[in-house]
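This is input_0.cif (mmCIF, C-alpha atoms).
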data_protein
#
loop_
_atom_site.label_atom_id
_atom_site.label_comp_id
_atom_site.auth_asym_id
_atom_site.auth_seq_id
_atom_site.Cartn_x
_atom_site.Cartn_y
_atom_site.Cartn_z
CA MET A 1 -90.80 -35.44 -3.71
CA LYS A 2 -92.34 -32.12 -4.70
CA LEU A 3 -91.68 -31.12 -8.29
CA ALA A 4 -90.99 -27.58 -9.48
CA SER A 5 -94.15 -25.76 -10.56
CA ARG A 6 -92.62 -24.81 -13.93
CA LEU A 7 -93.16 -28.41 -15.01
CA ASP A 8 -96.90 -27.71 -14.95
CA HIS A 9 -96.42 -25.43 -17.96
CA ILE A 10 -94.40 -27.90 -20.05
CA GLU A 11 -96.44 -30.45 -21.96
CA PRO A 12 -95.28 -33.90 -23.04
CA PHE A 13 -93.47 -34.01 -26.37
CA TYR A 14 -96.15 -35.87 -28.34
CA VAL A 15 -93.88 -36.20 -31.39
CA MET A 16 -91.78 -38.62 -29.38
CA GLU A 17 -94.85 -40.47 -28.06
CA CYS A 18 -95.96 -41.06 -31.64
CA ALA A 19 -92.45 -42.12 -32.59
CA LYS A 20 -92.44 -44.73 -29.82
CA ALA A 21 -95.78 -46.07 -31.03
CA ALA A 22 -94.48 -46.25 -34.60
CA VAL A 23 -91.41 -48.19 -33.49
CA GLU A 24 -93.61 -50.61 -31.53
CA ILE A 25 -95.83 -51.26 -34.56
CA ALA A 26 -92.73 -51.59 -36.76
CA ARG A 27 -91.54 -54.45 -34.55
CA SER A 28 -94.81 -56.36 -34.89
CA PRO A 29 -95.32 -59.29 -37.28
CA ALA A 30 -97.72 -57.12 -39.30
CA CYS A 31 -94.75 -55.11 -40.57
CA ALA A 32 -92.71 -58.09 -41.66
CA GLU A 33 -93.88 -57.84 -45.27
CA SER A 34 -94.16 -54.04 -45.43
CA PRO A 35 -91.68 -52.33 -43.07
CA MET A 36 -92.71 -49.05 -41.48
CA ILE A 37 -91.82 -45.93 -43.46
CA PHE A 38 -90.94 -43.15 -41.04
CA LEU A 39 -92.08 -39.74 -42.26
CA ASN A 40 -92.33 -38.45 -38.70
CA ILE A 41 -88.65 -37.81 -38.02
CA GLY A 42 -87.23 -34.29 -38.12
CA GLU A 43 -83.74 -35.48 -38.89
CA PRO A 44 -81.81 -35.57 -42.17
CA ASP A 45 -81.29 -39.04 -43.55
CA PHE A 46 -77.80 -37.85 -44.51
CA THR A 47 -74.95 -37.97 -42.00
CA ALA A 48 -71.85 -35.83 -41.61
CA PRO A 49 -69.78 -35.91 -44.84
CA PRO A 50 -66.33 -37.54 -44.99
CA LEU A 51 -64.22 -34.44 -44.24
CA VAL A 52 -66.22 -33.80 -41.06
CA GLN A 53 -65.87 -37.38 -39.89
CA GLU A 54 -62.15 -37.33 -40.60
CA ALA A 55 -61.72 -34.08 -38.68
CA ALA A 56 -63.39 -35.65 -35.64
CA GLU A 57 -61.09 -38.66 -35.85
CA ARG A 58 -58.03 -36.42 -36.04
CA ALA A 59 -59.16 -34.46 -33.00
CA VAL A 60 -59.52 -37.64 -30.96
CA ARG A 61 -56.22 -39.15 -32.12
CA SER A 62 -54.29 -35.93 -31.45
CA GLY A 63 -55.81 -35.45 -28.00
CA ARG A 64 -57.67 -32.22 -28.79
CA THR A 65 -60.50 -33.10 -26.43
CA GLN A 66 -60.07 -30.66 -23.54
CA TYR A 67 -62.53 -27.92 -22.65
CA THR A 68 -62.73 -24.94 -24.96
CA ASP A 69 -63.89 -21.43 -24.10
CA ALA A 70 -67.59 -21.36 -23.23
CA THR A 71 -68.19 -19.34 -26.38
CA GLY A 72 -66.49 -21.95 -28.55
CA LEU A 73 -63.31 -22.27 -30.57
CA VAL A 74 -62.17 -18.96 -32.02
CA ALA A 75 -61.44 -20.70 -35.32
CA LEU A 76 -64.99 -22.05 -35.50
CA ARG A 77 -66.54 -18.67 -34.72
CA GLU A 78 -64.43 -17.23 -37.54
CA ARG A 79 -65.57 -19.95 -39.95
CA ILE A 80 -69.21 -19.29 -39.09
CA SER A 81 -68.63 -15.57 -39.62
CA GLY A 82 -67.14 -16.33 -43.03
CA TRP A 83 -70.18 -18.46 -43.93
CA TYR A 84 -72.52 -15.53 -43.26
CA ALA A 85 -70.38 -13.39 -45.54
CA THR A 86 -70.23 -15.81 -48.46
CA ARG A 87 -73.75 -17.25 -48.17
CA PHE A 88 -75.79 -14.23 -47.10
CA GLY A 89 -73.57 -11.21 -47.77
CA LEU A 90 -73.59 -10.28 -44.06
CA HIS A 91 -70.67 -9.11 -41.98
CA ILE A 92 -71.10 -10.77 -38.58
CA ALA A 93 -68.14 -10.18 -36.27
CA PRO A 94 -66.87 -13.47 -34.77
CA ARG A 95 -67.04 -11.91 -31.29
CA ARG A 96 -70.87 -11.84 -31.63
CA ILE A 97 -71.05 -15.59 -32.28
CA VAL A 98 -71.43 -17.99 -29.35
CA VAL A 99 -71.10 -21.70 -30.12
CA THR A 100 -73.51 -23.81 -28.08
CA ALA A 101 -74.41 -27.40 -27.22
CA GLY A 102 -76.98 -27.58 -30.00
CA ALA A 103 -79.64 -25.04 -30.95
CA SER A 104 -81.57 -26.20 -27.87
CA ALA A 105 -78.87 -24.81 -25.61
CA ALA A 106 -78.82 -21.61 -27.68
CA LEU A 107 -82.56 -21.15 -27.18
CA GLN A 108 -82.29 -21.85 -23.47
CA LEU A 109 -79.44 -19.38 -23.05
CA ALA A 110 -81.29 -16.67 -24.95
CA CYS A 111 -84.48 -17.16 -22.91
CA LEU A 112 -82.63 -17.26 -19.60
CA ALA A 113 -80.78 -14.07 -20.48
CA LEU A 114 -83.88 -12.12 -21.58
CA VAL A 115 -87.06 -13.51 -20.00
CA ASN A 116 -88.14 -12.66 -16.46
CA ARG A 117 -90.87 -14.38 -14.47
CA ASP A 118 -94.30 -13.81 -16.06
CA ASP A 119 -92.86 -12.00 -19.10
CA GLU A 120 -94.90 -12.79 -22.18
CA VAL A 121 -93.24 -13.89 -25.43
CA LEU A 122 -95.20 -14.02 -28.69
CA LEU A 123 -94.96 -17.07 -30.96
CA PRO A 124 -96.96 -18.21 -33.99
CA ASP A 125 -99.44 -21.07 -33.79
CA PRO A 126 -98.39 -23.48 -35.29
CA SER A 127 -94.77 -23.61 -34.11
CA TYR A 128 -92.20 -26.04 -32.76
CA PRO A 129 -93.36 -27.03 -29.24
CA CYS A 130 -89.96 -26.90 -27.58
CA ASN A 131 -89.63 -23.20 -28.43
CA ARG A 132 -92.58 -22.29 -26.21
CA HIS A 133 -91.30 -24.67 -23.55
CA PHE A 134 -87.95 -22.84 -23.45
CA VAL A 135 -89.92 -19.72 -22.59
CA ALA A 136 -91.85 -21.58 -19.89
CA ALA A 137 -88.65 -23.08 -18.47
CA ALA A 138 -87.40 -19.52 -17.98
CA ASP A 139 -90.63 -18.82 -16.04
CA GLY A 140 -92.00 -16.75 -18.91
CA VAL A 141 -95.42 -17.07 -20.53
CA PRO A 142 -95.54 -18.14 -24.20
CA ILE A 143 -98.43 -16.50 -26.05
CA LEU A 144 -99.44 -18.40 -29.19
CA ILE A 145 -100.98 -16.24 -31.91
CA PRO A 146 -103.01 -18.08 -34.55
CA ALA A 147 -101.27 -17.80 -37.93
CA ALA A 148 -103.32 -18.40 -41.06
CA PRO A 149 -102.20 -19.89 -44.39
CA GLU A 150 -102.57 -16.39 -45.87
CA GLU A 151 -99.78 -15.34 -43.48
CA ARG A 152 -97.70 -18.39 -44.44
CA PHE A 153 -98.45 -19.75 -40.93
CA GLN A 154 -96.17 -17.01 -39.56
CA LEU A 155 -96.55 -13.93 -37.40
CA SER A 156 -97.05 -10.57 -39.08
CA ALA A 157 -96.10 -7.13 -37.86
CA ALA A 158 -99.79 -6.26 -37.56
CA GLY A 159 -100.36 -9.38 -35.47
CA VAL A 160 -97.44 -8.54 -33.20
CA GLU A 161 -98.66 -4.97 -32.71
CA SER A 162 -102.19 -6.19 -31.95
CA ALA A 163 -101.09 -8.82 -29.43
CA TRP A 164 -98.47 -6.70 -27.64
CA THR A 165 -99.34 -5.84 -24.03
CA ALA A 166 -97.58 -4.24 -21.08
CA ARG A 167 -96.30 -7.71 -20.14
CA THR A 168 -94.90 -8.58 -23.57
CA ARG A 169 -91.13 -8.83 -23.65
CA GLY A 170 -90.44 -10.00 -27.19
CA VAL A 171 -91.08 -12.47 -30.01
CA LEU A 172 -89.68 -15.90 -30.79
CA LEU A 173 -89.97 -16.73 -34.48
CA ALA A 174 -88.75 -19.54 -36.72
CA SER A 175 -87.94 -19.04 -40.40
CA PRO A 176 -88.11 -21.53 -42.08
CA SER A 177 -90.55 -23.08 -39.62
CA ASN A 178 -91.02 -26.47 -38.13
CA PRO A 179 -93.72 -27.82 -38.77
CA THR A 180 -94.74 -25.86 -41.89
CA GLY A 181 -91.48 -25.38 -43.79
CA THR A 182 -92.55 -21.80 -44.51
CA SER A 183 -90.48 -18.65 -44.06
CA ILE A 184 -91.33 -15.07 -43.16
CA ASP A 185 -91.07 -12.75 -46.14
CA PRO A 186 -87.95 -10.58 -45.64
CA ASP A 187 -89.95 -7.37 -45.93
CA GLU A 188 -92.41 -8.59 -43.31
CA MET A 189 -89.54 -9.69 -41.08
CA GLY A 190 -88.18 -6.16 -41.29
CA ARG A 191 -91.55 -4.76 -40.24
CA ILE A 192 -91.76 -7.20 -37.32
CA VAL A 193 -88.26 -6.28 -36.12
CA GLY A 194 -89.17 -2.61 -36.38
CA ALA A 195 -92.40 -3.08 -34.42
CA VAL A 196 -90.62 -5.00 -31.66
CA ARG A 197 -87.73 -2.54 -31.56
CA ALA A 198 -90.13 0.40 -31.21
CA ARG A 199 -91.55 -1.27 -28.11
CA GLY A 200 -88.18 -1.99 -26.53
CA GLY A 201 -88.51 -5.74 -26.97
CA PHE A 202 -86.30 -8.54 -28.30
CA THR A 203 -86.54 -10.49 -31.53
CA ILE A 204 -85.24 -14.07 -31.43
CA VAL A 205 -85.32 -15.93 -34.75
CA ASP A 206 -84.77 -19.67 -34.94
CA GLU A 207 -82.94 -20.10 -38.26
CA ILE A 208 -81.79 -23.69 -37.92
CA TYR A 209 -83.32 -24.57 -41.31
CA LEU A 210 -82.10 -21.46 -43.12
CA GLY A 211 -79.42 -23.40 -45.00
CA LEU A 212 -82.20 -25.58 -46.41
CA SER A 213 -83.99 -22.78 -48.20
CA TYR A 214 -85.22 -23.45 -51.74
CA ASP A 215 -86.58 -20.07 -52.77
CA GLU A 216 -84.31 -17.10 -53.39
CA ARG A 217 -87.01 -14.78 -52.11
CA PHE A 218 -86.94 -16.28 -48.62
CA GLY A 219 -83.33 -17.46 -48.22
CA HIS A 220 -82.15 -14.49 -46.15
CA SER A 221 -81.15 -14.23 -42.50
CA ALA A 222 -83.13 -11.97 -40.18
CA LEU A 223 -79.74 -10.58 -39.15
CA MET A 224 -79.97 -8.32 -42.19
CA HIS A 225 -82.49 -6.23 -40.23
CA GLY A 226 -80.13 -5.05 -37.52
CA ASP A 227 -77.51 -5.97 -34.96
CA ASP A 228 -80.16 -6.23 -32.24
CA VAL A 229 -81.72 -9.33 -33.86
CA ILE A 230 -80.80 -12.58 -32.10
CA SER A 231 -80.36 -15.56 -34.42
CA ILE A 232 -80.33 -19.22 -33.40
CA ASN A 233 -78.63 -21.67 -35.73
CA SER A 234 -77.41 -25.25 -35.74
CA PHE A 235 -75.11 -27.78 -37.33
CA SER A 236 -77.91 -30.36 -37.19
CA LYS A 237 -80.00 -29.74 -40.30
CA TYR A 238 -78.13 -28.24 -43.27
CA PHE A 239 -74.81 -29.56 -41.93
CA SER A 240 -76.24 -33.04 -41.10
CA MET A 241 -74.74 -33.27 -37.59
CA THR A 242 -77.82 -33.96 -35.44
CA GLY A 243 -76.30 -36.17 -32.74
CA TRP A 244 -73.15 -34.08 -32.48
CA ARG A 245 -75.16 -31.48 -30.52
CA LEU A 246 -73.64 -28.28 -31.85
CA GLY A 247 -75.27 -24.95 -32.60
CA TRP A 248 -74.67 -21.25 -32.25
CA LEU A 249 -76.10 -17.87 -31.36
CA VAL A 250 -75.53 -14.55 -33.04
CA LEU A 251 -75.99 -11.86 -30.39
CA PRO A 252 -75.85 -8.09 -30.01
CA ASP A 253 -72.49 -7.12 -28.51
CA ALA A 254 -74.09 -6.23 -25.17
CA LEU A 255 -75.49 -9.75 -24.74
CA VAL A 256 -72.32 -11.74 -25.40
CA THR A 257 -70.83 -11.43 -21.91
CA PRO A 258 -74.10 -12.19 -20.05
CA VAL A 259 -74.73 -15.25 -22.24
CA GLU A 260 -71.12 -16.37 -21.83
CA LYS A 261 -71.57 -16.24 -18.05
CA LEU A 262 -74.65 -18.44 -18.29
CA ALA A 263 -72.94 -20.87 -20.66
CA GLN A 264 -69.92 -21.19 -18.38
CA ASN A 265 -72.12 -22.21 -15.49
CA LEU A 266 -74.63 -24.38 -17.32
CA TYR A 267 -72.52 -26.18 -19.94
CA ILE A 268 -68.83 -25.26 -19.46
CA CYS A 269 -68.46 -25.55 -23.23
CA PRO A 270 -69.90 -27.31 -26.30
CA SER A 271 -68.45 -30.67 -27.34
CA THR A 272 -64.81 -30.09 -28.21
CA ILE A 273 -64.70 -32.98 -30.68
CA ALA A 274 -67.83 -31.76 -32.44
CA GLN A 275 -66.33 -28.27 -32.72
CA HIS A 276 -63.13 -29.52 -34.33
CA ALA A 277 -65.21 -31.64 -36.69
CA ALA A 278 -67.43 -28.69 -37.60
CA LEU A 279 -64.45 -26.71 -38.86
CA ALA A 280 -64.50 -29.06 -41.85
CA CYS A 281 -68.12 -28.19 -42.65
CA PHE A 282 -66.96 -25.03 -44.37
CA GLU A 283 -64.43 -26.64 -46.71
CA PRO A 284 -65.42 -26.28 -50.37
CA GLU A 285 -65.78 -30.06 -50.74
CA SER A 286 -68.20 -30.21 -47.80
CA ILE A 287 -70.23 -27.21 -48.97
CA ALA A 288 -70.56 -28.80 -52.41
CA GLU A 289 -71.95 -31.95 -50.77
CA TYR A 290 -74.38 -29.94 -48.63
CA GLU A 291 -75.63 -28.13 -51.71
CA ARG A 292 -76.15 -31.45 -53.49
CA ARG A 293 -78.22 -32.60 -50.51
CA ARG A 294 -80.21 -29.36 -50.51
CA ALA A 295 -81.10 -30.01 -54.15
CA GLU A 296 -82.19 -33.52 -53.22
CA PHE A 297 -84.46 -32.22 -50.46
CA ARG A 298 -85.99 -29.77 -52.94
CA ALA A 299 -86.65 -32.60 -55.43
CA ARG A 300 -88.36 -34.59 -52.68
CA ARG A 301 -90.55 -31.59 -51.82
CA ASP A 302 -91.46 -31.14 -55.46
CA PHE A 303 -92.65 -34.76 -55.55
CA LEU A 304 -94.34 -35.00 -52.16
CA VAL A 305 -96.43 -31.82 -51.99
CA PRO A 306 -98.33 -32.32 -55.29
CA ALA A 307 -98.78 -36.01 -54.44
CA LEU A 308 -100.35 -35.16 -51.08
CA ASN A 309 -102.64 -32.63 -52.71
CA THR A 310 -103.96 -35.26 -55.12
CA LEU A 311 -104.81 -37.48 -52.13
CA GLY A 312 -106.87 -34.75 -50.49
CA LEU A 313 -104.15 -34.22 -47.88
CA THR A 314 -103.91 -30.58 -48.82
CA VAL A 315 -100.75 -28.58 -48.16
CA PRO A 316 -102.13 -24.99 -48.03
CA VAL A 317 -98.71 -23.33 -48.31
CA SER A 318 -95.90 -25.05 -50.16
CA PRO A 319 -92.79 -25.23 -47.97
CA ASP A 320 -89.95 -23.01 -49.14
CA GLY A 321 -87.42 -24.51 -46.73
CA ALA A 322 -86.67 -27.22 -44.16
CA PHE A 323 -88.05 -30.70 -44.97
CA TYR A 324 -91.64 -30.67 -43.74
CA ALA A 325 -95.09 -30.55 -45.32
CA TRP A 326 -97.99 -29.30 -43.14
CA ALA A 327 -100.97 -31.16 -44.56
CA ASP A 328 -104.68 -30.70 -43.83
CA CYS A 329 -106.31 -34.11 -43.34
CA SER A 330 -109.79 -32.80 -42.40
CA ALA A 331 -111.25 -34.13 -45.66
CA HIS A 332 -110.60 -37.62 -44.31
CA ALA A 333 -110.84 -37.36 -40.52
CA ALA A 334 -111.91 -35.06 -37.70
CA SER A 335 -108.82 -35.78 -35.63
CA SER A 336 -105.30 -35.86 -37.05
CA TRP A 337 -104.20 -37.71 -33.92
CA ASP A 338 -106.54 -40.64 -34.55
CA PHE A 339 -105.93 -40.45 -38.30
CA CYS A 340 -102.14 -40.70 -37.97
CA PHE A 341 -102.39 -43.72 -35.69
CA GLU A 342 -104.81 -45.34 -38.13
CA LEU A 343 -102.35 -44.77 -40.99
CA MET A 344 -99.55 -46.27 -38.90
CA ARG A 345 -101.59 -49.43 -38.42
CA ARG A 346 -103.09 -49.68 -41.91
CA ALA A 347 -100.42 -48.25 -44.22
CA HIS A 348 -97.33 -48.66 -42.05
CA VAL A 349 -96.49 -45.01 -42.63
CA ALA A 350 -95.54 -42.96 -39.57
CA ILE A 351 -96.72 -39.33 -39.66
CA THR A 352 -96.80 -36.75 -36.86
CA PRO A 353 -100.23 -35.38 -35.86
CA GLY A 354 -100.59 -31.65 -35.29
CA ARG A 355 -101.24 -31.78 -31.53
CA ASP A 356 -97.70 -30.79 -30.55
CA PHE A 357 -97.53 -27.67 -32.65
CA GLY A 358 -100.28 -25.51 -31.18
CA ALA A 359 -103.99 -25.29 -30.46
CA HIS A 360 -105.34 -23.38 -33.46
CA ARG A 361 -106.83 -25.97 -35.85
CA SER A 362 -104.06 -28.39 -34.92
CA GLU A 363 -106.51 -31.30 -35.01
CA ARG A 364 -106.84 -30.73 -38.77
CA PHE A 365 -103.15 -30.90 -39.61
CA MET A 366 -100.34 -33.39 -39.66
CA ARG A 367 -96.63 -32.99 -40.35
CA LEU A 368 -94.82 -35.15 -42.89
CA SER A 369 -91.05 -35.12 -43.05
CA TYR A 370 -89.38 -35.64 -46.41
CA ALA A 371 -86.02 -36.30 -44.77
CA SER A 372 -86.29 -39.76 -46.27
CA SER A 373 -85.30 -41.26 -49.59
CA MET A 374 -87.30 -40.61 -52.74
CA ALA A 375 -88.01 -44.34 -52.97
CA HIS A 376 -89.51 -44.29 -49.48
CA LEU A 377 -91.60 -41.22 -50.29
CA GLN A 378 -92.95 -42.83 -53.46
CA GLU A 379 -93.81 -46.03 -51.62
CA ALA A 380 -95.43 -44.05 -48.79
CA ILE A 381 -97.70 -42.20 -51.23
CA GLU A 382 -98.86 -45.47 -52.79
CA ARG A 383 -99.58 -46.95 -49.37
CA LEU A 384 -101.48 -43.85 -48.32
CA ARG A 385 -103.49 -43.97 -51.55
CA SER A 386 -104.52 -47.55 -50.84
CA ALA A 387 -105.33 -46.86 -47.19
CA LEU A 388 -107.45 -43.81 -48.03
CA THR A 389 -109.36 -45.79 -50.65
CA ALA A 390 -110.09 -48.49 -48.07
CA LEU A 391 -111.22 -45.91 -45.50
CA SER A 392 -113.55 -44.05 -47.89
#

Write-out of the structure in structure tokens:
Amino acid sequence: MKLASRLDHIEPFYVMECAKAAVEIARSPACAESPMIFLNIGEPDFTAPPLVQEAAERAVRSGRTQYTDATGLVALRERISGWYATRFGLHIAPRRIVVTAGASAALQLACLALVNRDDEVLLPDPSYPCNRHFVAAADGVPILIPAAPEERFQLSAAGVESAWTARTRGVLLASPSNPTGTSIDPDEMGRIVGAVRARGGFTIVDEIYLGLSYDERFGHSALMHGDDVISINSFSKYFSMTGWRLGWLVLPDALVTPVEKLAQNLYICPSTIAQHAALACFEPESIAEYERRRAEFRARRDFLVPALNTLGLTVPVSPDGAFYAWADCSAHAASSWDFCFELMRRAHVAITPGRDFGAHRSERFMRLSYASSMAHLQEAIERLRSALTALS
């Protein structure tokens, strides 16, 4: 059977390969006394709060499980619109919001609607691997631009202008970013949007971690820079609904109908039960719980980053959002891939090597997730301290 050539441009998801290895080691007798601590998972350790769970149960019991419109429940689009108003001071018309089967579907729909064969799309290096693979799956060409710590591991307007060619169609950014947890300064975001707009391109911004922003300076949506900005968001991270597979797009008016047509054919609609459940995310009781969790993530960051720095696992830019630390391990090893596997075996701490996230100095870096309890983080640091002492 001959496979489609686009698969040649999509690499394995090494994060998952490492996760499988960690699970295998965790099952071994060696971990009986010291169970594996998983700092490799990009998933909140919190689940959907009670009101959300109850809303899902009510939807099932009352038979509200039929297809919805491809763009999602009107009531949910209105609730999302209201969240932008109260949280970010932005008026986003509900008609511009398209509810999707997770942020992954939102990214796929945006790329399919905007990227033609051989179109180039600019992304920072490092960045989340699936984002460049969405471009490749649409037969586009992802162009990774090295992003330095001085740029917060993000693209700059100057970098975009320098890299733009006749084949460039747009940019795909993430703020806050996976794997670095860093955001693009709002002023710089405005300059990027302006540079792309002047060249007739598109700006897609992955904002799935925006709710988990810890710094007032960076906690703003790119939508503030114009109605032509396309925002990707999700119920997975801030709203703790990973397995429910629910996200959304905010689109310019002219893109809503084309994206709806794609969604109708590819997905029919997002999960109806998940949509009814998500309505409860915006209740005051739920928001209060999400804010408590955000404070907990911030406390974990404030413990983990200084602790890593003292171990020589330097975090060049402190994360201002999400729940990741991008740590330089070159003081201890030449290859983060080998180093992470060694730590899995010696310390029983699972960490993700940088290979997935780009090519520019990725062998120096590893990603640690602090979507784990404070007790686990404290234990992990002590195990890493012991392992590094033994290796030195």

ask   = Which value, in Å to one decimal, gives the distance between CA of Asp206 (chain A) and CA of Ile232 (chain A)?
value = 4.7 Å

With all atoms listed in the file counted and 10 Å as the cut-off, give the residues of region 186-281 of chain A in contact with region 295-318 of chain A, each with its shortest interatomic distance in Å and the pair that gives it, as JSON lines.
{"residue": "A:Leu212", "atom": "CA", "partner": "A:Phe297", "partner_atom": "CA", "distance": 8.1}
{"residue": "A:Ser213", "atom": "CA", "partner": "A:Arg298", "partner_atom": "CA", "distance": 8.7}
{"residue": "A:Tyr214", "atom": "CA", "partner": "A:Arg298", "partner_atom": "CA", "distance": 6.5}
{"residue": "A:Asp215", "atom": "CA", "partner": "A:Arg298", "partner_atom": "CA", "distance": 9.7}

Quick one: write out the picked residues with C-alpha atoms as a tab-separated table (two decimals), in the coordinates of the input?
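Output saved as out_15.tsv:
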chain	number	residue	atom	x	y	z
A	212	LEU	CA	-82.20	-25.58	-46.41
A	213	SER	CA	-83.99	-22.78	-48.20
A	214	TYR	CA	-85.22	-23.45	-51.74
A	215	ASP	CA	-86.58	-20.07	-52.77

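In this model, the gap between CA of Tyr370 (chain A) and CA of Ala106 (chain A) comes to 25.7 Å.
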
ask   = Given the choices A:Leu7, A:Ala158, A:Val15, A:Leu377, which gets closest to Trp337 (chain A) if the distance is worked out from all atoms listed in the file?
value = A:Val15

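Compared by their closest atoms to Ala371 (chain A), and using all atoms listed in the file, the residues A:Val205, A:Ala322, A:Ala334, A:Cys130 rank with A:Ala322 nearest.
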